[in-house]
>>> print(open('work-v1.tsv').read())   # TSV, C-alpha atoms
chain	number	residue	atom	x	y	z
B	1	MET	CA	-56.38	110.88	33.41
B	2	ILE	CA	-54.35	112.73	30.79
B	3	GLU	CA	-54.16	115.83	33.04
B	4	ILE	CA	-52.16	113.93	35.66
B	5	TYR	CA	-49.63	112.72	33.10
B	6	ILE	CA	-49.28	116.25	31.69
B	7	ILE	CA	-48.61	117.71	35.15
B	8	PHE	CA	-46.18	114.91	35.99
B	9	LEU	CA	-44.20	115.37	32.76
B	10	ALA	CA	-44.04	119.16	33.23
B	11	LEU	CA	-42.65	118.65	36.76
B	12	ILE	CA	-40.09	116.10	35.56
B	13	LEU	CA	-38.92	118.37	32.73
B	14	ASP	CA	-38.40	121.26	35.16
B	15	PHE	CA	-36.58	118.98	37.60
B	16	LEU	CA	-34.24	117.71	34.87
B	17	PHE	CA	-33.66	120.74	32.66
B	18	GLY	CA	-34.81	123.94	34.35
B	19	ASP	CA	-34.39	126.90	32.00
B	20	PRO	CA	-31.69	126.07	29.40
B	21	TYR	CA	-30.31	129.25	27.84
B	22	PHE	CA	-30.48	127.82	24.31
B	23	ILE	CA	-34.27	127.25	24.41
B	24	PRO	CA	-36.59	130.27	23.88
B	25	HIS	CA	-38.39	131.00	27.13
B	26	PRO	CA	-41.91	132.49	27.03
B	27	ILE	CA	-41.31	134.64	30.13
B	28	VAL	CA	-38.45	136.42	28.35
B	29	TYR	CA	-40.85	137.45	25.59
B	30	ILE	CA	-43.46	138.55	28.13
B	31	GLY	CA	-40.77	140.73	29.68
B	32	LYS	CA	-39.97	142.25	26.29
B	33	LEU	CA	-43.67	142.91	25.71
B	34	ILE	CA	-43.91	144.67	29.08
B	35	SER	CA	-40.87	146.84	28.32
B	36	TYR	CA	-42.22	147.76	24.87
B	37	ILE	CA	-45.65	148.84	26.16
B	38	GLU	CA	-44.13	150.61	29.18
B	39	ASN	CA	-41.86	152.69	26.91
B	40	LYS	CA	-44.81	153.60	24.67
B	41	ILE	CA	-46.83	154.71	27.70
B	42	ARG	CA	-43.98	156.80	29.11
B	43	LYS	CA	-43.59	158.59	25.76
B	44	SER	CA	-47.32	159.32	25.58
B	45	LYS	CA	-49.29	162.03	27.38
B	46	ILE	CA	-51.18	159.52	29.53
B	47	ASP	CA	-50.62	159.97	33.26
B	48	LEU	CA	-48.55	157.11	34.63
B	49	LYS	CA	-51.17	155.63	36.96
B	50	THR	CA	-53.70	155.34	34.12
B	51	GLY	CA	-50.90	154.13	31.89
B	52	GLY	CA	-50.02	151.46	34.44
B	53	PHE	CA	-53.59	150.17	34.33
B	54	LEU	CA	-53.44	150.06	30.52
B	55	LEU	CA	-50.08	148.29	30.71
B	56	LEU	CA	-51.58	145.61	32.94
B	57	ILE	CA	-54.70	145.08	30.81
B	58	LEU	CA	-52.85	145.08	27.47
B	59	VAL	CA	-50.22	142.60	28.63
B	60	LEU	CA	-52.82	140.20	30.02
B	61	MET	CA	-55.00	140.44	26.90
B	62	ILE	CA	-52.11	139.94	24.49
B	63	VAL	CA	-50.66	137.00	26.44
B	64	PHE	CA	-54.06	135.32	26.70
B	65	ILE	CA	-54.74	135.74	22.97
B	66	ILE	CA	-51.28	134.51	21.92
B	67	ILE	CA	-51.36	131.46	24.20
B	68	SER	CA	-54.91	130.56	23.12
B	69	THR	CA	-53.96	130.96	19.45
B	70	ILE	CA	-50.87	128.76	19.82
B	71	LEU	CA	-52.92	126.00	21.46
B	72	PHE	CA	-55.72	126.32	18.88
B	73	ILE	CA	-53.27	125.96	15.99
B	74	ALA	CA	-51.46	123.08	17.73
B	75	ASN	CA	-54.75	121.24	18.18
B	76	LYS	CA	-55.66	121.80	14.54
B	77	ILE	CA	-52.34	120.27	13.50
B	78	HIS	CA	-52.89	117.24	15.76
B	79	PRO	CA	-54.27	116.69	19.30
B	80	VAL	CA	-51.02	114.98	20.32
B	81	PHE	CA	-49.07	118.05	19.18
B	82	ASN	CA	-51.37	120.16	21.33
B	83	ILE	CA	-50.49	117.96	24.34
B	84	VAL	CA	-46.76	118.34	23.61
B	85	ILE	CA	-47.08	122.15	23.41
B	86	THR	CA	-49.16	122.17	26.60
B	87	ILE	CA	-46.52	120.17	28.47
B	88	TYR	CA	-43.75	122.45	27.20
B	89	LEU	CA	-45.57	125.66	28.17
B	90	LEU	CA	-46.48	124.33	31.62
B	91	TYR	CA	-42.89	123.22	32.16
B	92	THR	CA	-41.60	126.71	31.33
B	93	SER	CA	-43.95	128.22	33.91
B	94	LEU	CA	-42.17	126.37	36.73
B	95	ALA	CA	-38.90	127.61	38.21
B	96	ALA	CA	-37.82	125.08	40.85
B	97	LYS	CA	-34.61	124.01	39.14
B	98	CYS	CA	-33.79	127.58	38.15
B	99	LEU	CA	-34.14	128.66	41.79
B	100	ARG	CA	-32.09	125.68	42.90
B	101	ASP	CA	-29.31	126.40	40.39
B	102	GLU	CA	-29.08	130.09	41.30
B	103	GLY	CA	-29.00	129.24	45.00
B	104	ILE	CA	-26.32	126.57	44.53
B	105	LYS	CA	-24.15	129.00	42.53
B	106	ILE	CA	-24.12	131.37	45.49
B	107	TYR	CA	-23.64	128.49	47.95
B	108	LYS	CA	-20.56	127.21	46.11
B	109	VAL	CA	-19.01	130.67	45.79
B	110	LEU	CA	-19.56	131.38	49.49
B	111	LYS	CA	-17.98	128.04	50.40
B	112	LYS	CA	-14.89	129.15	48.49
B	113	GLY	CA	-14.89	132.45	50.38
B	114	ASP	CA	-15.32	134.57	47.24
B	115	ILE	CA	-17.52	137.32	48.71
B	116	LYS	CA	-17.10	139.66	45.71
B	117	LYS	CA	-18.48	137.11	43.28
B	118	ALA	CA	-21.26	136.14	45.69
B	119	ARG	CA	-22.31	139.81	45.88
B	120	ILE	CA	-22.56	139.91	42.08
B	121	LEU	CA	-24.57	136.68	41.93
B	122	ILE	CA	-27.06	137.72	44.62
B	123	SER	CA	-27.54	141.08	42.87
B	124	TYR	CA	-29.23	139.18	40.03
B	125	LEU	CA	-31.85	137.86	42.43
B	126	VAL	CA	-32.69	140.71	44.80
B	127	GLY	CA	-33.60	144.38	44.60
B	128	ARG	CA	-31.49	145.49	47.57
B	129	ASP	CA	-28.02	147.00	47.22
B	130	THR	CA	-25.46	144.20	47.38
B	131	GLU	CA	-22.08	145.94	47.00
B	132	ASN	CA	-21.21	145.76	50.70
B	133	LEU	CA	-23.07	142.67	51.90
B	134	SER	CA	-21.27	140.33	54.30
B	135	GLU	CA	-21.30	136.53	54.01
B	136	LYS	CA	-24.20	136.26	56.48
B	137	GLU	CA	-26.17	138.99	54.71
B	138	ILE	CA	-25.69	137.24	51.34
B	139	THR	CA	-26.79	133.96	52.92
B	140	ARG	CA	-29.85	135.64	54.43
B	141	ALA	CA	-30.75	137.28	51.12
B	142	THR	CA	-30.46	133.94	49.32
B	143	VAL	CA	-32.58	132.10	51.89
B	144	GLU	CA	-35.23	134.84	51.80
B	145	THR	CA	-35.30	134.83	47.99
B	146	ILE	CA	-35.64	131.05	47.67
B	147	ALA	CA	-38.29	130.97	50.42
B	148	GLU	CA	-40.40	133.72	48.85
B	149	ASN	CA	-39.99	132.36	45.33
B	150	THR	CA	-40.99	128.87	46.43
B	151	ILE	CA	-44.45	130.44	46.22
B	152	ASP	CA	-44.01	132.80	43.24
B	153	GLY	CA	-41.93	130.48	41.08
B	154	VAL	CA	-43.14	127.01	42.06
B	155	LEU	CA	-46.25	126.53	44.20
B	156	ALA	CA	-48.37	129.43	42.88
B	157	PRO	CA	-47.84	128.40	39.22
B	158	LEU	CA	-48.79	124.84	40.20
B	159	PHE	CA	-51.88	126.16	41.96
B	160	TYR	CA	-53.02	127.99	38.82
B	161	ILE	CA	-52.17	125.00	36.62
B	162	PHE	CA	-54.44	122.82	38.74
B	163	ILE	CA	-57.22	125.42	38.89
B	164	GLY	CA	-56.86	125.89	35.14
B	165	PHE	CA	-57.26	122.17	34.53
B	166	LEU	CA	-60.59	122.25	36.34
B	167	VAL	CA	-61.93	124.75	33.78
B	168	GLY	CA	-60.02	123.44	30.77
B	169	MET	CA	-57.46	126.28	30.50
B	170	PRO	CA	-54.36	125.37	32.53
B	171	VAL	CA	-51.88	127.10	30.21
B	172	GLN	CA	-53.89	130.32	29.97
B	173	PHE	CA	-54.38	130.45	33.74
B	174	VAL	CA	-50.74	129.91	34.61
B	175	PHE	CA	-49.49	132.37	31.99
B	176	LEU	CA	-51.88	135.06	33.16
B	177	TYR	CA	-50.40	134.48	36.61
B	178	LYS	CA	-46.82	134.55	35.28
B	179	SER	CA	-47.57	137.76	33.38
B	180	ILE	CA	-48.84	139.46	36.55
B	181	ASN	CA	-45.82	138.17	38.46
B	182	THR	CA	-43.44	139.43	35.75
B	183	LEU	CA	-45.16	142.81	35.67
B	184	ASP	CA	-44.71	143.09	39.42
B	185	SER	CA	-41.03	142.15	39.21
B	186	MET	CA	-40.43	144.75	36.47
B	187	VAL	CA	-42.59	147.73	37.47
B	188	GLY	CA	-44.05	146.91	40.89
B	189	TYR	CA	-41.70	149.10	42.91
B	190	THR	CA	-42.61	151.93	45.30
B	191	ASN	CA	-39.81	154.29	44.22
B	192	LYS	CA	-40.47	157.49	42.26
B	193	LYS	CA	-39.95	155.92	38.83
B	194	TYR	CA	-42.42	153.05	39.26
B	195	LYS	CA	-44.86	153.84	42.09
B	196	ASP	CA	-47.54	155.08	39.66
B	197	ILE	CA	-47.03	152.96	36.56
B	198	GLY	CA	-46.55	149.83	38.67
B	199	TYR	CA	-49.36	150.47	41.16
B	200	PHE	CA	-52.04	148.21	39.64
B	201	SER	CA	-49.58	145.45	38.73
B	202	ALA	CA	-48.26	145.31	42.29
B	203	LYS	CA	-51.76	145.26	43.79
B	204	LEU	CA	-52.97	142.51	41.45
B	205	ASP	CA	-49.85	140.46	42.19
B	206	ASP	CA	-50.77	140.65	45.89
B	207	VAL	CA	-54.28	139.43	45.05
B	208	VAL	CA	-53.29	136.46	42.85
B	209	ASN	CA	-50.68	135.31	45.39
B	210	PHE	CA	-53.00	135.62	48.38
B	211	ILE	CA	-54.39	132.05	48.34
B	212	PRO	CA	-51.26	130.27	46.97
B	213	ALA	CA	-49.06	131.91	49.62
B	214	ARG	CA	-51.24	130.59	52.41
B	215	ILE	CA	-51.85	127.11	51.03
B	216	GLY	CA	-48.27	126.77	49.80
B	217	SER	CA	-46.76	127.86	53.11
B	218	PHE	CA	-48.82	125.21	54.89
B	219	PHE	CA	-47.22	122.55	52.66
B	220	MET	CA	-43.80	124.08	53.32
B	221	ILE	CA	-44.41	123.63	57.05
B	222	LEU	CA	-45.49	120.03	56.45
B	223	VAL	CA	-41.94	119.36	55.24
B	224	GLY	CA	-41.17	119.38	58.97
B	225	LEU	CA	-42.87	115.98	59.22
B	226	LEU	CA	-39.97	114.55	57.22
B	227	LYS	CA	-37.12	116.75	58.45
B	228	TYR	CA	-36.49	120.05	60.26
B	229	ASP	CA	-38.50	121.49	63.17
B	230	ILE	CA	-42.24	121.38	62.38
B	231	LYS	CA	-43.25	122.53	65.89
B	232	ASN	CA	-41.17	125.70	65.59
B	233	GLY	CA	-42.27	126.04	61.97
B	234	PHE	CA	-45.91	126.39	63.06
B	235	LYS	CA	-44.97	128.63	65.98
B	236	ILE	CA	-43.01	131.15	63.88
B	237	PHE	CA	-45.52	130.98	61.03
B	238	ILE	CA	-48.42	131.91	63.33
B	239	ARG	CA	-46.40	134.64	65.07
B	240	ASP	CA	-44.40	136.25	62.25
B	241	ARG	CA	-46.26	135.64	58.98
B	242	PHE	CA	-47.31	139.30	58.77
B	243	ASN	CA	-43.82	140.67	59.58
B	244	HIS	CA	-43.32	141.84	56.00
B	245	LYS	CA	-44.43	144.81	53.91
B	246	SER	CA	-45.85	142.31	51.40
B	247	PRO	CA	-49.15	140.70	52.46
B	248	ASN	CA	-47.84	137.36	51.14
B	249	ALA	CA	-44.04	137.13	51.33
B	250	GLY	CA	-43.96	136.78	55.11
B	251	PHE	CA	-45.86	133.50	54.92
B	252	PRO	CA	-43.21	131.34	53.19
B	253	GLU	CA	-40.36	133.23	54.85
B	254	SER	CA	-41.79	132.57	58.33
B	255	ALA	CA	-42.31	128.90	57.44
B	256	VAL	CA	-38.65	128.53	56.45
B	257	ALA	CA	-37.33	130.56	59.39
B	258	GLY	CA	-39.33	128.43	61.81
B	259	LEU	CA	-38.40	125.09	60.27
B	260	LEU	CA	-34.70	125.99	60.27
B	261	ASN	CA	-34.68	127.78	63.66
B	262	ILE	CA	-33.12	130.89	62.14
B	263	GLN	CA	-33.90	134.60	61.96
B	264	ILE	CA	-34.28	136.50	58.67
B	265	GLY	CA	-35.49	139.99	57.77
B	266	GLY	CA	-34.01	143.09	59.35
B	267	GLU	CA	-31.98	145.87	57.78
B	268	ASN	CA	-31.43	146.21	54.01
B	269	ILE	CA	-30.29	149.04	51.75
B	270	TYR	CA	-32.34	149.93	48.67
B	271	PHE	CA	-31.06	152.56	46.21
B	272	GLY	CA	-28.73	153.89	48.90
B	273	GLU	CA	-31.50	154.20	51.50
B	274	LYS	CA	-31.40	152.11	54.67
B	275	ILE	CA	-34.69	150.23	55.16
B	276	TYR	CA	-35.48	148.25	58.30
B	277	LYS	CA	-37.87	145.33	57.97
B	278	PRO	CA	-39.31	143.42	60.93
B	279	THR	CA	-37.37	140.26	61.72
B	280	ILE	CA	-38.90	136.83	61.11
B	281	GLY	CA	-38.00	133.92	63.37
B	282	ASP	CA	-35.78	133.61	66.42
B	283	LYS	CA	-32.00	133.46	66.66
B	284	ASN	CA	-32.04	129.93	68.03
B	285	ARG	CA	-28.85	129.40	66.06
B	286	THR	CA	-26.60	131.41	63.74
B	287	LEU	CA	-27.56	131.57	60.09
B	288	GLU	CA	-25.03	129.54	58.06
B	289	ILE	CA	-24.24	128.82	54.42
B	290	GLU	CA	-25.80	125.33	54.63
B	291	ASP	CA	-29.17	127.00	55.20
B	292	ILE	CA	-29.23	127.74	51.48
B	293	ASN	CA	-29.27	123.99	50.76
B	294	ARG	CA	-31.85	123.41	53.48
B	295	THR	CA	-34.17	126.03	51.98
B	296	ILE	CA	-33.80	124.39	48.56
B	297	ASN	CA	-34.76	121.06	50.16
B	298	ILE	CA	-37.89	122.65	51.66
B	299	MET	CA	-38.79	124.02	48.22
B	300	TYR	CA	-38.50	120.65	46.49
B	301	ILE	CA	-40.25	118.58	49.16
B	302	SER	CA	-43.11	121.07	49.46
B	303	GLU	CA	-43.48	120.99	45.65
B	304	ILE	CA	-43.85	117.20	45.77
B	305	LEU	CA	-46.38	117.31	48.64
B	306	PHE	CA	-48.33	120.14	47.00
B	307	SER	CA	-48.43	118.35	43.64
B	308	LEU	CA	-49.54	115.03	45.13
B	309	PHE	CA	-52.35	116.77	47.01
B	310	PHE	CA	-53.72	118.53	43.94
B	311	ILE	CA	-53.21	115.54	41.65
B	312	VAL	CA	-55.48	113.59	44.00
B	313	ILE	CA	-58.06	116.39	43.80
B	314	VAL	CA	-57.91	116.46	39.99
B	315	PHE	CA	-58.23	112.67	39.92
B	316	VAL	CA	-61.22	112.64	42.29
B	317	ILE	CA	-63.05	115.48	40.52
B	318	GLY	CA	-62.34	113.92	37.14
B	319	GLY	CA	-63.83	110.68	38.28
>>> encode(input="work-v1.tsv", output="C-alpha cells")
Amino acid sequence: MIEIYIIFLALILDFLFGDPYFIPHPIVYIGKLISYIENKIRKSKIDLKTGGFLLLILVLMIVFIIISTILFIANKIHPVFNIVITIYLLYTSLAAKCLRDEGIKIYKVLKKGDIKKARILISYLVGRDTENLSEKEITRATVETIAENTIDGVLAPLFYIFIGFLVGMPVQFVFLYKSINTLDSMVGYTNKKYKDIGYFSAKLDDVVNFIPARIGSFFMILVGLLKYDIKNGFKIFIRDRFNHKSPNAGFPESAVAGLLNIQIGGENIYFGEKIYKPTIGDKNRTLEIEDINRTINIMYISEILFSLFFIVIVFVIGG
C-alpha cells in the first residue's frame, strides 16, 4: 500500500535530516500566523478570552485551507508530485531527530562541565527559569522535556497521521494537531498575560493529546522488553501518571522515570516564582547525565514500535 511507503519515507527523512535550518519549515510559518492574529486581537476591543477562541478557530481554518489548497494544486500538477509534497509535509510534522539533537547538545556541554552554556541551551526548551540551575536540575529538565515531547513531537503526530490516512486526510489531520500544539506552546500559559487568550488553545491541546499520551506511553513502557526496567516502568506509570498539572504530561514522564529507575518532577522556578510539582518515580538511583541518552533511546525505540503497530493496522484495514 502506498500509505505505508509514505509513512516509512517520512520517518526515514526525519531520522536522517531532522529540521535543517536552510529548509523552510511549515511550523515556523504557523507560529508567525499565530503571532500576527494574536497581535491583532490584543489591539482590538475584543475581550481576551473571546479573542483566544477566535485565535484558535482562525488558525485552524487558515492552516486547513492552505494545506488542502497546496495538496489540491500538487495533485493537479501530477499525482506523483502530490505524493512528494505529502511525504515532505508529513516529515516536517515529526520532531524525533530535532529532539535528539537538542538533547545531545546539552549532554555534550554537561559532559564538558560547561554549566553556563547548558543553562542557555535548556532555556530554549523549557519555560522554567534556568539561570541558576545545577547540573542535576539541567539533566532533569532535559529528561522531562524529551519524555513529554516524545508524545507531543513524535508519537501524537504519528497517531494523527495514521488516523488521517484512514479518512484520506493525513496531512490535514497532523497539521491541525501541530497547529493546536503550537498554539499551546505560544499562548497556553496560566500567567496574567496569557491565561485568557490561551485558555481555549490549552484546553484543546489537552483534548487532542489525551488518547496519544496514553497509547504512546504504553509503547514507551514496552521499550522495557528490549532494555531498561519494564516491571518498574509499569509500577511507576500506574502510580504516578497523574502527578502532573497537565492531564497528559505525567504519562510519558512516569513511563521514563519508571524504566530508568529515577525520580523527576519537584521544585521549579517560573518567572521568579517557586513552583513545587509532585515528584514522579523513586530515587532508586541518582539522576545522571547519561539518562539524557537513555531517554532519547526510549523515544526512538517507542517510535519504531508505535509505527510498526499502526502500519499493520493500516495494512489490515486497507486489505
>>> residues_around(input="work-v1.tsv", residues="region 117-124 of chain B", least_positions_apart="5", cutoff="9 Å", atoms="all atoms listed in the file", output="VMD selection string")
chain B and resid 102 to 103 105 to 110 129 to 135 138 141 to 142
>>> atom_distance(input="work-v1.tsv", atom1="CA of Thr279 (chain B)", atom2="CA of Ile236 (chain B)")
10.9 Å
>>> closest_residue(input="work-v1.tsv", among="B:Ile262, B:Leu176, B:Ile104, B:Leu166", to="Ile67 (chain B)", atoms="all atoms listed in the file")
B:Leu176
>>> residues_near_point(input="work-v1.tsv", point="(-43.5, 120.2, 31.0)", cutoff="8 Å", atoms="all atoms listed in the file", output="list in words")
Ile6, Ile7, Phe8, Leu9, Ala10, Leu11, Ile12, Leu13, Asp14, Thr86, Ile87, Tyr88, Leu89, Leu90, Tyr91 and Thr92 of chain B
>>> atom_distance(input="work-v1.tsv", atom1="CA of Ile313 (chain B)", atom2="CA of His25 (chain B)")
29.6 Å
>>> closest_residue(input="work-v1.tsv", among="B:Pro20, B:Gly52, B:Gly250, B:Gly265", to="Tyr199 (chain B)", atoms="all atoms listed in the file")
B:Gly52
>>> residues_around(input="work-v1.tsv", residues="region 211-225 of chain B", least_positions_apart="4", cutoff="10 Å", atoms="all atoms listed in the file", output="VMD selection string")
chain B and resid 147 to 148 150 to 152 154 to 160 206 to 207 229 to 234 237 241 247 to 256 258 to 260 295 297 to 306 309
>>> atom_distance(input="work-v1.tsv", atom1="CA of Val171 (chain B)", atom2="CA of Ile30 (chain B)")
14.4 Å
>>> closest_residue(input="work-v1.tsv", among="B:Lys192, B:Gln263, B:Val28, B:Tyr21", to="Asp240 (chain B)", atoms="all atoms listed in the file")
B:Gln263
>>> closest_residue(input="work-v1.tsv", among="B:Arg140, B:Arg100, B:Ile161, B:Tyr5", to="Val84 (chain B)", atoms="all atoms listed in the file")
B:Tyr5
>>> closest_residue(input="work-v1.tsv", among="B:Leu308, B:Leu94, B:Leu125, B:Leu204", to="Phe15 (chain B)", atoms="all atoms listed in the file")
B:Leu94
>>> residues_around(input="work-v1.tsv", residues="Ile73 (chain B)", least_positions_apart="6", cutoff="10 Å", atoms="all atoms listed in the file", output="list in words")
Pro79, Phe81 and Asn82 of chain B
>>> write_last_selection(input="work-v1.tsv", atoms="C-alpha atoms", output="short mmCIF file (atom, residue, chain, number, x, y, z; two decimals), in the frame of the given file")
data_model
loop_
_atom_site.label_atom_id
_atom_site.label_comp_id
_atom_site.auth_asym_id
_atom_site.auth_seq_id
_atom_site.Cartn_x
_atom_site.Cartn_y
_atom_site.Cartn_z
CA PRO B 79 -54.27 116.69 19.30
CA PHE B 81 -49.07 118.05 19.18
CA ASN B 82 -51.37 120.16 21.33
#
>>> closest_residue(input="work-v1.tsv", among="B:Ala95, B:Ile66, B:Ile2, B:Leu287", to="Phe315 (chain B)", atoms="only C-alpha atoms")
B:Ile2
>>> decode(input="work-v1.tsv", residues="region 197-220 of chain B", atoms="N, CA and C atoms", output="PDB file, in the first residue's frame")
ATOM      1  N   ILE B 197      -6.277  34.631  26.809  1.00  0.00           N
ATOM      2  CA  ILE B 197      -6.160  34.444  25.363  1.00  0.00           C
ATOM      3  C   ILE B 197      -5.708  33.026  25.007  1.00  0.00           C
ATOM      4  N   GLY B 198      -5.051  32.354  25.944  1.00  0.00           N
ATOM      5  CA  GLY B 198      -4.584  30.997  25.672  1.00  0.00           C
ATOM      6  C   GLY B 198      -5.453  29.903  26.252  1.00  0.00           C
ATOM      7  N   TYR B 199      -6.571  30.291  26.888  1.00  0.00           N
ATOM      8  CA  TYR B 199      -7.414  29.325  27.600  1.00  0.00           C
ATOM      9  C   TYR B 199      -7.903  28.199  26.690  1.00  0.00           C
ATOM     10  N   PHE B 200      -8.535  28.547  25.581  1.00  0.00           N
ATOM     11  CA  PHE B 200      -9.127  27.531  24.700  1.00  0.00           C
ATOM     12  C   PHE B 200      -8.060  26.696  23.990  1.00  0.00           C
ATOM     13  N   SER B 201      -6.944  27.329  23.639  1.00  0.00           N
ATOM     14  CA  SER B 201      -5.862  26.582  22.993  1.00  0.00           C
ATOM     15  C   SER B 201      -5.289  25.535  23.929  1.00  0.00           C
ATOM     16  N   ALA B 202      -5.097  25.919  25.200  1.00  0.00           N
ATOM     17  CA  ALA B 202      -4.543  24.985  26.183  1.00  0.00           C
ATOM     18  C   ALA B 202      -5.501  23.820  26.438  1.00  0.00           C
ATOM     19  N   LYS B 203      -6.788  24.129  26.539  1.00  0.00           N
ATOM     20  CA  LYS B 203      -7.773  23.078  26.792  1.00  0.00           C
ATOM     21  C   LYS B 203      -7.878  22.115  25.617  1.00  0.00           C
ATOM     22  N   LEU B 204      -7.865  22.651  24.386  1.00  0.00           N
ATOM     23  CA  LEU B 204      -7.955  21.778  23.219  1.00  0.00           C
ATOM     24  C   LEU B 204      -6.696  20.931  23.063  1.00  0.00           C
ATOM     25  N   ASP B 205      -5.551  21.489  23.433  1.00  0.00           N
ATOM     26  CA  ASP B 205      -4.308  20.716  23.391  1.00  0.00           C
ATOM     27  C   ASP B 205      -4.395  19.516  24.342  1.00  0.00           C
ATOM     28  N   ASP B 206      -4.997  19.732  25.513  1.00  0.00           N
ATOM     29  CA  ASP B 206      -5.199  18.620  26.446  1.00  0.00           C
ATOM     30  C   ASP B 206      -6.079  17.543  25.819  1.00  0.00           C
ATOM     31  N   VAL B 207      -7.104  17.970  25.106  1.00  0.00           N
ATOM     32  CA  VAL B 207      -8.052  17.026  24.499  1.00  0.00           C
ATOM     33  C   VAL B 207      -7.377  16.196  23.401  1.00  0.00           C
ATOM     34  N   VAL B 208      -6.669  16.880  22.480  1.00  0.00           N
ATOM     35  CA  VAL B 208      -6.091  16.153  21.331  1.00  0.00           C
ATOM     36  C   VAL B 208      -4.906  15.282  21.728  1.00  0.00           C
ATOM     37  N   ASN B 209      -4.330  15.540  22.905  1.00  0.00           N
ATOM     38  CA  ASN B 209      -3.223  14.696  23.379  1.00  0.00           C
ATOM     39  C   ASN B 209      -3.682  13.584  24.315  1.00  0.00           C
ATOM     40  N   PHE B 210      -4.961  13.581  24.650  1.00  0.00           N
ATOM     41  CA  PHE B 210      -5.473  12.639  25.648  1.00  0.00           C
ATOM     42  C   PHE B 210      -5.223  11.185  25.235  1.00  0.00           C
ATOM     43  N   ILE B 211      -5.666  10.808  24.054  1.00  0.00           N
ATOM     44  CA  ILE B 211      -5.501   9.418  23.589  1.00  0.00           C
ATOM     45  C   ILE B 211      -4.042   9.120  23.223  1.00  0.00           C
ATOM     46  N   PRO B 212      -3.365   9.985  22.434  1.00  0.00           N
ATOM     47  CA  PRO B 212      -1.961   9.696  22.102  1.00  0.00           C
ATOM     48  C   PRO B 212      -1.058   9.551  23.321  1.00  0.00           C
ATOM     49  N   ALA B 213      -1.302  10.342  24.366  1.00  0.00           N
ATOM     50  CA  ALA B 213      -0.460  10.258  25.563  1.00  0.00           C
ATOM     51  C   ALA B 213      -0.582   8.890  26.228  1.00  0.00           C
ATOM     52  N   ARG B 214      -1.769   8.341  26.214  1.00  0.00           N
ATOM     53  CA  ARG B 214      -1.998   7.067  26.874  1.00  0.00           C
ATOM     54  C   ARG B 214      -1.510   5.893  26.017  1.00  0.00           C
ATOM     55  N   ILE B 215      -1.835   5.919  24.739  1.00  0.00           N
ATOM     56  CA  ILE B 215      -1.351   4.857  23.857  1.00  0.00           C
ATOM     57  C   ILE B 215       0.167   4.943  23.713  1.00  0.00           C
ATOM     58  N   GLY B 216       0.671   6.157  23.484  1.00  0.00           N
ATOM     59  CA  GLY B 216       2.106   6.345  23.287  1.00  0.00           C
ATOM     60  C   GLY B 216       2.922   5.942  24.491  1.00  0.00           C
ATOM     61  N   SER B 217       2.432   6.256  25.693  1.00  0.00           N
ATOM     62  CA  SER B 217       3.165   5.904  26.908  1.00  0.00           C
ATOM     63  C   SER B 217       3.235   4.395  27.091  1.00  0.00           C
ATOM     64  N   PHE B 218       2.183   3.696  26.663  1.00  0.00           N
ATOM     65  CA  PHE B 218       2.196   2.235  26.721  1.00  0.00           C
ATOM     66  C   PHE B 218       3.338   1.683  25.862  1.00  0.00           C
ATOM     67  N   PHE B 219       3.525   2.260  24.662  1.00  0.00           N
ATOM     68  CA  PHE B 219       4.613   1.811  23.796  1.00  0.00           C
ATOM     69  C   PHE B 219       5.975   2.213  24.359  1.00  0.00           C
ATOM     70  N   MET B 220       6.025   3.332  25.071  1.00  0.00           N
ATOM     71  CA  MET B 220       7.275   3.710  25.730  1.00  0.00           C
ATOM     72  C   MET B 220       7.642   2.678  26.788  1.00  0.00           C
TER      73      MET B 220
END
